[in-house]
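A.B. asks: Provided below: model03.cif, containing mmCIF, C-alpha atoms and all ligand atoms.
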data_start
#
loop_
_atom_site.label_atom_id
_atom_site.label_comp_id
_atom_site.auth_asym_id
_atom_site.auth_seq_id
_atom_site.Cartn_x
_atom_site.Cartn_y
_atom_site.Cartn_z
CA MET A 1 114.22 97.94 101.79
CA GLY A 2 113.34 96.88 105.30
CA LYS A 3 109.88 96.55 106.81
CA ILE A 4 107.34 99.34 106.81
CA PHE A 5 108.44 102.82 105.77
CA GLN A 6 106.85 106.14 104.90
CA ILE A 7 107.66 108.70 102.24
CA ALA A 8 106.47 112.23 103.02
CA ILE A 9 105.74 114.61 100.16
CA ASP A 10 104.84 118.13 101.30
CA GLY A 11 104.59 121.52 99.67
CA PRO A 12 102.20 124.26 98.61
CA SER A 13 99.08 123.86 96.44
CA GLY A 14 99.54 122.96 92.82
CA ALA A 15 103.21 121.96 92.98
CA GLY A 16 102.38 118.58 91.41
CA LYS A 17 102.68 116.57 94.63
CA SER A 18 99.85 114.15 93.89
CA THR A 19 100.96 113.34 90.33
CA ILE A 20 104.49 112.79 91.60
CA ALA A 21 103.45 110.72 94.62
CA LYS A 22 101.08 108.55 92.57
CA ALA A 23 103.81 107.72 90.03
CA ILE A 24 106.35 106.90 92.73
CA ALA A 25 103.83 104.68 94.54
CA ARG A 26 103.29 102.71 91.35
CA ARG A 27 107.01 102.40 90.75
CA LEU A 28 107.74 101.18 94.29
CA GLY A 29 104.57 99.09 94.62
CA ILE A 30 103.37 100.87 97.76
CA ASP A 31 100.11 102.69 98.62
CA TYR A 32 99.55 106.34 97.84
CA ILE A 33 97.54 108.43 100.29
CA ASP A 34 96.30 111.85 99.23
CA THR A 35 95.70 113.65 102.54
CA GLY A 36 94.44 116.78 100.77
CA ALA A 37 91.56 114.66 99.45
CA MET A 38 90.63 113.89 103.07
CA TYR A 39 90.36 117.61 103.96
CA ARG A 40 88.45 118.11 100.71
CA ALA A 41 86.04 115.28 101.55
CA LEU A 42 85.32 116.83 104.91
CA GLY A 43 84.92 120.30 103.36
CA TYR A 44 82.55 118.80 100.82
CA LYS A 45 80.39 117.29 103.55
CA MET A 46 80.41 120.54 105.54
CA LEU A 47 79.20 122.46 102.47
CA GLN A 48 76.49 119.89 101.82
CA LEU A 49 75.25 120.17 105.40
CA GLY A 50 75.75 123.94 105.59
CA ILE A 51 78.19 123.71 108.49
CA THR A 52 80.59 126.64 108.91
CA GLU A 53 84.05 126.65 110.53
CA ASP A 54 82.90 128.53 113.62
CA GLU A 55 80.27 125.89 114.50
CA THR A 56 82.80 123.81 116.40
CA ASP A 57 80.24 121.58 118.13
CA LYS A 58 78.74 120.57 114.82
CA VAL A 59 82.20 120.00 113.33
CA ALA A 60 83.15 117.79 116.28
CA GLU A 61 80.00 115.74 115.85
CA LEU A 62 80.58 115.54 112.11
CA LEU A 63 84.06 114.10 112.67
CA GLU A 64 82.60 111.39 114.90
CA THR A 65 80.03 110.33 112.31
CA THR A 66 82.08 110.66 109.12
CA GLU A 67 84.07 107.91 107.45
CA ILE A 68 86.84 108.87 105.04
CA ASP A 69 88.83 106.13 103.39
CA PHE A 70 90.63 105.11 100.20
CA SER A 71 89.96 102.07 98.08
CA HIS A 72 91.86 101.26 94.88
CA GLY A 73 92.89 104.91 94.55
CA ASP A 74 89.35 106.20 95.04
CA ILE A 75 88.44 108.55 97.89
CA ILE A 76 85.40 107.26 99.73
CA LEU A 77 83.18 109.44 101.91
CA ASP A 78 80.64 107.48 103.96
CA GLY A 79 80.71 104.67 101.42
CA GLN A 80 80.39 106.87 98.34
CA VAL A 81 83.16 107.49 95.75
CA ILE A 82 83.57 111.28 95.54
CA ASN A 83 86.72 111.67 93.38
CA ASN A 84 85.27 114.18 90.93
CA LEU A 85 83.07 116.08 93.37
CA ILE A 86 85.97 117.43 95.43
CA ARG A 87 88.17 118.95 92.69
CA THR A 88 86.30 122.22 92.21
CA PRO A 89 87.63 125.69 93.14
CA GLU A 90 84.82 125.99 95.73
CA ILE A 91 85.89 122.81 97.53
CA SER A 92 89.55 123.90 97.36
CA MET A 93 88.74 127.01 99.39
CA LYS A 94 86.48 125.11 101.81
CA ALA A 95 89.17 122.45 102.37
CA SER A 96 91.72 125.15 103.09
CA ALA A 97 89.33 126.79 105.58
CA CYS A 98 88.35 123.64 107.47
CA SER A 99 91.96 122.40 107.55
CA ALA A 100 92.80 125.38 109.78
CA LEU A 101 90.66 123.93 112.60
CA GLY A 102 92.61 122.16 115.35
CA ILE A 103 89.96 119.48 115.93
CA VAL A 104 89.86 118.66 112.22
CA ARG A 105 93.64 118.32 111.97
CA LYS A 106 93.90 116.27 115.13
CA HIS A 107 91.29 113.83 113.87
CA LEU A 108 92.59 113.45 110.32
CA VAL A 109 96.24 113.22 111.39
CA LYS A 110 95.31 110.29 113.63
CA VAL A 111 93.48 108.54 110.79
CA GLN A 112 96.50 109.14 108.51
CA GLN A 113 98.92 107.77 111.10
CA GLU A 114 96.83 104.61 111.35
CA MET A 115 96.81 104.26 107.57
CA GLY A 116 100.60 104.50 107.40
CA ALA A 117 101.31 102.25 110.38
CA LYS A 118 100.05 99.06 108.75
CA LYS A 119 101.85 99.22 105.42
CA SER A 120 104.44 101.25 103.55
CA VAL A 121 102.96 104.42 102.09
CA ILE A 122 103.78 107.55 100.20
CA MET A 123 101.65 110.35 101.59
CA ASP A 124 101.30 113.86 100.24
CA GLY A 125 100.03 116.94 102.07
CA ARG A 126 101.31 119.92 104.03
CA ASP A 127 102.32 118.45 107.38
CA ILE A 128 103.36 114.87 106.63
CA GLY A 129 107.08 115.33 107.33
CA THR A 130 106.47 117.68 110.27
CA ASP A 131 103.47 116.19 112.12
CA VAL A 132 101.99 113.03 110.63
CA PHE A 133 105.24 111.10 110.17
CA PRO A 134 108.11 113.12 111.65
CA ASN A 135 110.17 109.91 111.44
CA ALA A 136 109.38 109.18 107.80
CA ARG A 137 112.30 107.49 106.06
CA TYR A 138 112.20 109.97 103.17
CA LYS A 139 110.93 113.55 103.14
CA PHE A 140 110.61 115.84 100.17
CA PHE A 141 109.29 119.40 100.02
CA ILE A 142 108.06 120.14 96.51
CA THR A 143 107.83 123.78 95.42
CA ALA A 144 107.42 125.93 92.30
CA THR A 145 106.66 129.63 91.82
CA ALA A 146 102.99 130.62 92.31
CA GLU A 147 102.78 131.57 88.61
CA GLU A 148 104.05 128.18 87.46
CA ARG A 149 101.70 126.35 89.83
CA ALA A 150 98.76 128.47 88.64
CA LYS A 151 99.66 127.68 85.03
CA ARG A 152 99.65 123.92 85.78
CA ARG A 153 96.41 124.04 87.77
CA TYR A 154 94.73 126.20 85.11
CA ARG A 155 95.63 123.68 82.40
CA GLU A 156 94.20 120.87 84.54
CA LEU A 157 90.93 122.74 85.18
CA MET A 158 90.60 123.59 81.47
CA GLU A 159 90.99 119.94 80.55
CA LYS A 160 88.17 119.13 82.94
CA GLY A 161 85.99 121.82 81.39
CA GLU A 162 85.90 124.04 84.50
CA ASN A 163 85.01 127.62 83.69
CA VAL A 164 87.80 129.67 85.33
CA SER A 165 90.40 132.21 84.20
CA TYR A 166 94.17 132.03 84.74
CA GLU A 167 93.95 135.16 86.91
CA GLU A 168 91.35 133.55 89.19
CA THR A 169 93.45 130.41 89.44
CA LEU A 170 96.56 132.41 90.40
CA GLU A 171 94.54 134.44 92.90
CA SER A 172 93.23 131.24 94.49
CA ILE A 173 96.74 129.71 94.70
CA ILE A 174 98.09 132.85 96.38
CA GLN A 175 95.14 132.95 98.79
CA ARG A 176 95.55 129.28 99.74
CA ASP A 177 99.34 129.67 100.13
CA TYR A 178 98.60 132.45 102.58
CA ASN A 179 95.92 130.47 104.47
CA ASP A 180 97.97 127.29 104.61
CA SER A 181 101.17 128.96 105.80
CA HIS A 182 99.60 131.44 108.26
CA ARG A 183 97.17 129.23 110.17
CA GLU A 184 97.94 128.71 113.82
CA VAL A 185 97.79 124.92 113.82
CA SER A 186 100.51 123.14 111.81
CA PRO A 187 101.16 125.84 109.23
CA LEU A 188 102.78 124.68 106.01
CA ARG A 189 106.54 124.60 106.49
CA LYS A 190 109.42 122.47 105.33
CA ALA A 191 110.60 119.88 107.85
CA GLU A 192 114.21 120.61 108.72
CA ASP A 193 115.33 117.25 107.41
CA ALA A 194 113.23 117.37 104.21
CA GLU A 195 114.90 117.90 100.87
CA GLU A 196 113.47 120.82 98.93
CA VAL A 197 112.86 120.21 95.23
CA ASP A 198 112.06 123.35 93.20
CA THR A 199 110.16 122.07 90.17
CA THR A 200 109.59 125.42 88.42
CA ASP A 201 111.91 124.49 85.54
CA MET A 202 111.47 120.72 85.70
CA THR A 203 109.00 118.45 83.95
CA ILE A 204 106.93 116.09 86.10
CA ASP A 205 108.94 113.14 84.70
CA GLU A 206 112.21 114.79 85.70
CA VAL A 207 110.93 115.30 89.25
CA ILE A 208 109.75 111.67 89.50
CA SER A 209 113.11 110.34 88.28
CA TYR A 210 115.01 112.66 90.59
CA ILE A 211 113.08 111.50 93.67
CA CYS A 212 113.10 107.81 92.69
CA ASP A 213 116.89 107.97 92.21
CA LYS A 214 117.26 109.39 95.72
CA ILE A 215 115.02 106.67 97.19
CA GLU A 216 116.50 103.74 95.30
CA LYS A 217 120.05 104.82 96.18
O1 LIG A 301 96.51 119.23 98.46
P1 LIG A 301 95.11 119.79 98.30
O2 LIG A 301 95.05 121.06 97.47
O3 LIG A 301 94.15 118.79 97.81
O4 LIG A 301 94.66 120.19 99.78
C1 LIG A 301 93.44 120.82 100.07
C2 LIG A 301 93.58 121.72 101.29
O5 LIG A 301 93.79 120.93 102.46
C3 LIG A 301 94.75 122.70 101.23
O6 LIG A 301 94.31 124.03 101.16
C4 LIG A 301 95.54 122.50 102.48
C5 LIG A 301 94.84 121.44 103.25
N1 LIG A 301 95.74 120.33 103.64
C6 LIG A 301 96.33 120.39 104.88
O7 LIG A 301 96.15 121.39 105.58
N2 LIG A 301 97.11 119.38 105.29
C7 LIG A 301 97.32 118.30 104.52
N3 LIG A 301 98.08 117.30 104.97
C8 LIG A 301 96.73 118.23 103.23
C9 LIG A 301 95.95 119.28 102.82
#
Could I get this structure in the form of structure tokens?
C.D. replies:
Amino acid sequence: MGKIFQIAIDGPSGAGKSTIAKAIARRLGIDYIDTGAMYRALGYKMLQLGITEDETDKVAELLETTEIDFSHGDIILDGQVINNLIRTPEISMKASACSALGIVRKHLVKVQQEMGAKKSVIMDGRDIGTDVFPNARYKFFITATAEERAKRRYRELMEKGENVSYEETLESIIQRDYNDSHREVSPLRKAEDAEEVDTTDMTIDEVISYICDKIEK
């Protein structure tokens, strides 16, 4: 494959994007960038500081003074590894809320574009194929029914010992689907030239093989 290229993986919450993207990155020997983790990191910091979405001045200042980066697969916020702190249901909702702000998206999209300009990357999120890298060499839009995604997320949370019910998990998925696809700035939508992969009746391994076959072809 020639020079630097990007692979865009978009789709709704809980479709398995990050597991899929991580495996493909390993297989191709390129970097994986989890853009959702960046919105989560910012949401985490906003919660810590008690900043709400309507305090736009404070959010703008926060963006100027916050450093979000990845190192060896870890998400780093202002020099601290925060992998486990940002995977709670509370941070999921906060990330969804702060990701609706135009100034937040503008800032993080720029950081993501810089990350993907220097080396080949596979990036997952909601707007990678539409806004971050509209010229990505490969674009996939990963979906599954809300019930199937809730089932997967619920299993994950159980394994981590989080105390939630399946119903709450489904409710949260439906709520975030709504938020993410109805916000004014870059709502979640499939790029016209992205290939949709419905994973409802596929295993993660089947999805990974399917996408890798397409890329390696
Ligand atoms: O993929 P995730 O669940 O970790 O993402 C957390 C939230 O961030 C999600 O509700 C949508 C938002 N997000 C976004 O708006 N754009 C992205 N590129 C990635 C995530």
A.B. asks: Output as JSON lines one row per residue of range 6-96 of chain A within 6 Å of range 113-134 of chain A: the closest atom pair and its distance in Å to one decimal place, counting all atoms listed in the file, sorted by chain and residue number ascending.
C.D. replies:
{"residue": "A:Gln6", "atom": "CA", "partner": "A:Val121", "partner_atom": "CA", "distance": 5.1}
{"residue": "A:Ile7", "atom": "CA", "partner": "A:Ile122", "partner_atom": "CA", "distance": 4.5}
{"residue": "A:Ala8", "atom": "CA", "partner": "A:Gly129", "partner_atom": "CA", "distance": 5.3}
{"residue": "A:Ile9", "atom": "CA", "partner": "A:Asp124", "partner_atom": "CA", "distance": 4.5}
{"residue": "A:Asp10", "atom": "CA", "partner": "A:Arg126", "partner_atom": "CA", "distance": 4.8}
{"residue": "A:Gly11", "atom": "CA", "partner": "A:Arg126", "partner_atom": "CA", "distance": 5.7}
{"residue": "A:Ile30", "atom": "CA", "partner": "A:Val121", "partner_atom": "CA", "distance": 5.6}
{"residue": "A:Asp31", "atom": "CA", "partner": "A:Val121", "partner_atom": "CA", "distance": 4.8}
{"residue": "A:Tyr32", "atom": "CA", "partner": "A:Ile122", "partner_atom": "CA", "distance": 5.0}
{"residue": "A:Ile33", "atom": "CA", "partner": "A:Met123", "partner_atom": "CA", "distance": 4.7}
{"residue": "A:Asp34", "atom": "CA", "partner": "A:Asp124", "partner_atom": "CA", "distance": 5.5}
{"residue": "A:Thr35", "atom": "CA", "partner": "A:Gly125", "partner_atom": "CA", "distance": 5.5}
{"residue": "A:Gly36", "atom": "CA", "partner": "A:Gly125", "partner_atom": "CA", "distance": 5.7}
A.B. asks: Could you write out that same residue set with C-alpha atoms as a short mmCIF file (atom, residue, chain, number, x, y, z; two decimals), keeping the file's coordinate frame?
C.D. replies:
data_model
loop_
_atom_site.label_atom_id
_atom_site.label_comp_id
_atom_site.auth_asym_id
_atom_site.auth_seq_id
_atom_site.Cartn_x
_atom_site.Cartn_y
_atom_site.Cartn_z
CA GLN A 6 106.85 106.14 104.90
CA ILE A 7 107.66 108.70 102.24
CA ALA A 8 106.47 112.23 103.02
CA ILE A 9 105.74 114.61 100.16
CA ASP A 10 104.84 118.13 101.30
CA GLY A 11 104.59 121.52 99.67
CA ILE A 30 103.37 100.87 97.76
CA ASP A 31 100.11 102.69 98.62
CA TYR A 32 99.55 106.34 97.84
CA ILE A 33 97.54 108.43 100.29
CA ASP A 34 96.30 111.85 99.23
CA THR A 35 95.70 113.65 102.54
CA GLY A 36 94.44 116.78 100.77
#
A.B. asks: Using only C-alpha atoms, can you tell me which of A:Thr143, A:Glu53, A:Gln48, A:Ser186 comes closest to Lys106 in chain A?
C.D. replies: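 Result for the nearest residue to Lys106 in chain A: A:Ser186.
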A.B. asks: Against ligand LIG 301 (chain A), which residues of chain A fall within 8 Å? For each one I want the closest pair of atoms and the distance in Å (one decimal), counting all atoms listed in the file, rows by chain and increasing residue number, as a tab-separated table.
C.D. replies:
residue	atom	partner	partner_atom	distance
A:Asp10	CA	A:LIG301	N3	7.7
A:Pro12	CA	A:LIG301	O1	7.6
A:Ser13	CA	A:LIG301	O2	5.0
A:Gly14	CA	A:LIG301	O2	6.7
A:Lys17	CA	A:LIG301	O1	7.7
A:Ser18	CA	A:LIG301	O1	7.6
A:Asp34	CA	A:LIG301	O3	7.4
A:Thr35	CA	A:LIG301	C8	4.7
A:Gly36	CA	A:LIG301	O4	3.6
A:Ala37	CA	A:LIG301	O3	5.1
A:Met38	CA	A:LIG301	C8	7.5
A:Tyr39	CA	A:LIG301	O5	5.0
A:Arg40	CA	A:LIG301	C1	5.7
A:Arg87	CA	A:LIG301	O3	7.9
A:Ser92	CA	A:LIG301	C1	5.7
A:Met93	CA	A:LIG301	O6	6.6
A:Lys94	CA	A:LIG301	C2	7.9
A:Ala95	CA	A:LIG301	C2	4.6
A:Ser96	CA	A:LIG301	O6	3.4
A:Ala97	CA	A:LIG301	O6	7.2
A:Cys98	CA	A:LIG301	O5	7.9
A:Ser99	CA	A:LIG301	O7	4.7
A:Ala100	CA	A:LIG301	O7	6.7
A:Arg105	CA	A:LIG301	O7	7.5
A:Val109	CA	A:LIG301	N3	7.8
A:Asp124	CA	A:LIG301	N3	6.7
A:Gly125	CA	A:LIG301	N3	3.5
A:Arg126	CA	A:LIG301	N3	4.3
A:Asp127	CA	A:LIG301	N3	5.0
A:Ile128	CA	A:LIG301	N3	6.0
A:Arg176	CA	A:LIG301	O6	5.6
A:Asp177	CA	A:LIG301	O6	7.6
A:Asn179	CA	A:LIG301	O6	7.4
A:Asp180	CA	A:LIG301	C4	5.8
A:Ser186	CA	A:LIG301	O7	7.8
A:Pro187	CA	A:LIG301	O7	7.6
A:Leu188	CA	A:LIG301	O7	7.4
A.B. asks: To one decimal in Å, tell me the separation between CA of Thr19 in chain A and CA of Arg183 in chain A.
C.D. replies: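 CA of Arg183 in chain A lies at a distance of 25.7 Å from CA of Thr19 in chain A.
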A.B. asks: Work out how far CA of Ile208 in chain A is from CA of Ala191 in chain A, in Å to one decimal.
C.D. replies: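 CA of Ile208 in chain A lies 20.1 Å from CA of Ala191 in chain A.
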A.B. asks: One number please: CA of Ile215 in chain A to CA of Thr199 in chain A, in Å, one decimal.
C.D. replies: 17.6 Å
A.B. asks: Compile the contact shell of Thr65 in chain A as a PyMOL selection string: residues with an atom at most 12 Å away, counting all atoms listed in the file, same-chain residues fewer than 6 positions apart removed.
C.D. replies: chain A and resi 42+45+58-59+77-78+107
A.B. asks: Take the residues just selected and output them with C-alpha atoms as a PDB file, keeping the file's coordinate frame.
C.D. replies:
ATOM      1  CA  LEU A  42      85.320 116.830 104.910  1.00  0.00           C
ATOM      2  CA  LYS A  45      80.390 117.290 103.550  1.00  0.00           C
ATOM      3  CA  LYS A  58      78.740 120.570 114.820  1.00  0.00           C
ATOM      4  CA  VAL A  59      82.200 120.000 113.330  1.00  0.00           C
ATOM      5  CA  LEU A  77      83.180 109.440 101.910  1.00  0.00           C
ATOM      6  CA  ASP A  78      80.640 107.480 103.960  1.00  0.00           C
ATOM      7  CA  HIS A 107      91.290 113.830 113.870  1.00  0.00           C
TER       8      HIS A 107
END
A.B. asks: Using only C-alpha atoms, which of the listed residues (A:Pro89, A:Glu55, A:Ile82, A:Gly29) sits closest to Glu162 in chain A?
C.D. replies: A:Pro89
A.B. asks: Pick from A:Leu108, A:Leu62, A:Ala41, A:Glu167: nearest to Val81 in chain A, with all atoms listed in the file counted?
C.D. replies: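 Closest to Val81 in chain A of all the choices is A:Ala41.
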A.B. asks: Calculated over only C-alpha atoms, which of the candidates A:Leu170, A:Ala194, A:Leu63, A:Asp57 has the smallest distance to Lys110 in chain A?
C.D. replies: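 Between A:Leu170, A:Ala194, A:Leu63, A:Asp57, the residue approaching Lys110 in chain A most closely is A:Leu63.
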A.B. asks: Give the answer as one residue: which of A:Asp54, A:Glu192, A:Asp201, A:Glu67 has the shortest atom-to-atom distance to Glu148 in chain A, using only C-alpha atoms?
C.D. replies: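 Going through A:Asp54, A:Glu192, A:Asp201, A:Glu67 one by one, the smallest distance to Glu148 in chain A is for A:Asp201.
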A.B. asks: Find the residues around Val164 in chain A up to 10 Å (all atoms listed in the file counted), leave out those fewer than 5 positions away in its own chain, and share them as a PyMOL selection string.
C.D. replies: chain A and resi 89+154+157-158+169
A.B. asks: Select all residues near (110.4, 104.1, 108.2) (cut-off 7 Å, inclusive, file coordinates), counting all atoms listed in the file, and output them as a list in words.
C.D. replies: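 Returned residue set, sorted by chain then number, is Ile4, Phe5, Gln6, Asn135, Ala136 and Arg137 of chain A.
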A.B. asks: Show me a table, sorted first by chain and then by increasing residue number, of the residues of range 112-193 of chain A having an atom at most 12 Å from range 210-214 of chain A, each with its shortest atom pair and the distance in Å to one decimal, counting only C-alpha atoms and written as JSON lines.
C.D. replies:
{"residue": "A:Ile122", "atom": "CA", "partner": "A:Cys212", "partner_atom": "CA", "distance": 12.0}
{"residue": "A:Arg137", "atom": "CA", "partner": "A:Lys214", "partner_atom": "CA", "distance": 11.6}
{"residue": "A:Tyr138", "atom": "CA", "partner": "A:Lys214", "partner_atom": "CA", "distance": 9.0}
{"residue": "A:Lys139", "atom": "CA", "partner": "A:Ile211", "partner_atom": "CA", "distance": 9.9}
{"residue": "A:Phe140", "atom": "CA", "partner": "A:Ile211", "partner_atom": "CA", "distance": 8.2}
{"residue": "A:Phe141", "atom": "CA", "partner": "A:Ile211", "partner_atom": "CA", "distance": 10.8}
{"residue": "A:Ile142", "atom": "CA", "partner": "A:Ile211", "partner_atom": "CA", "distance": 10.4}
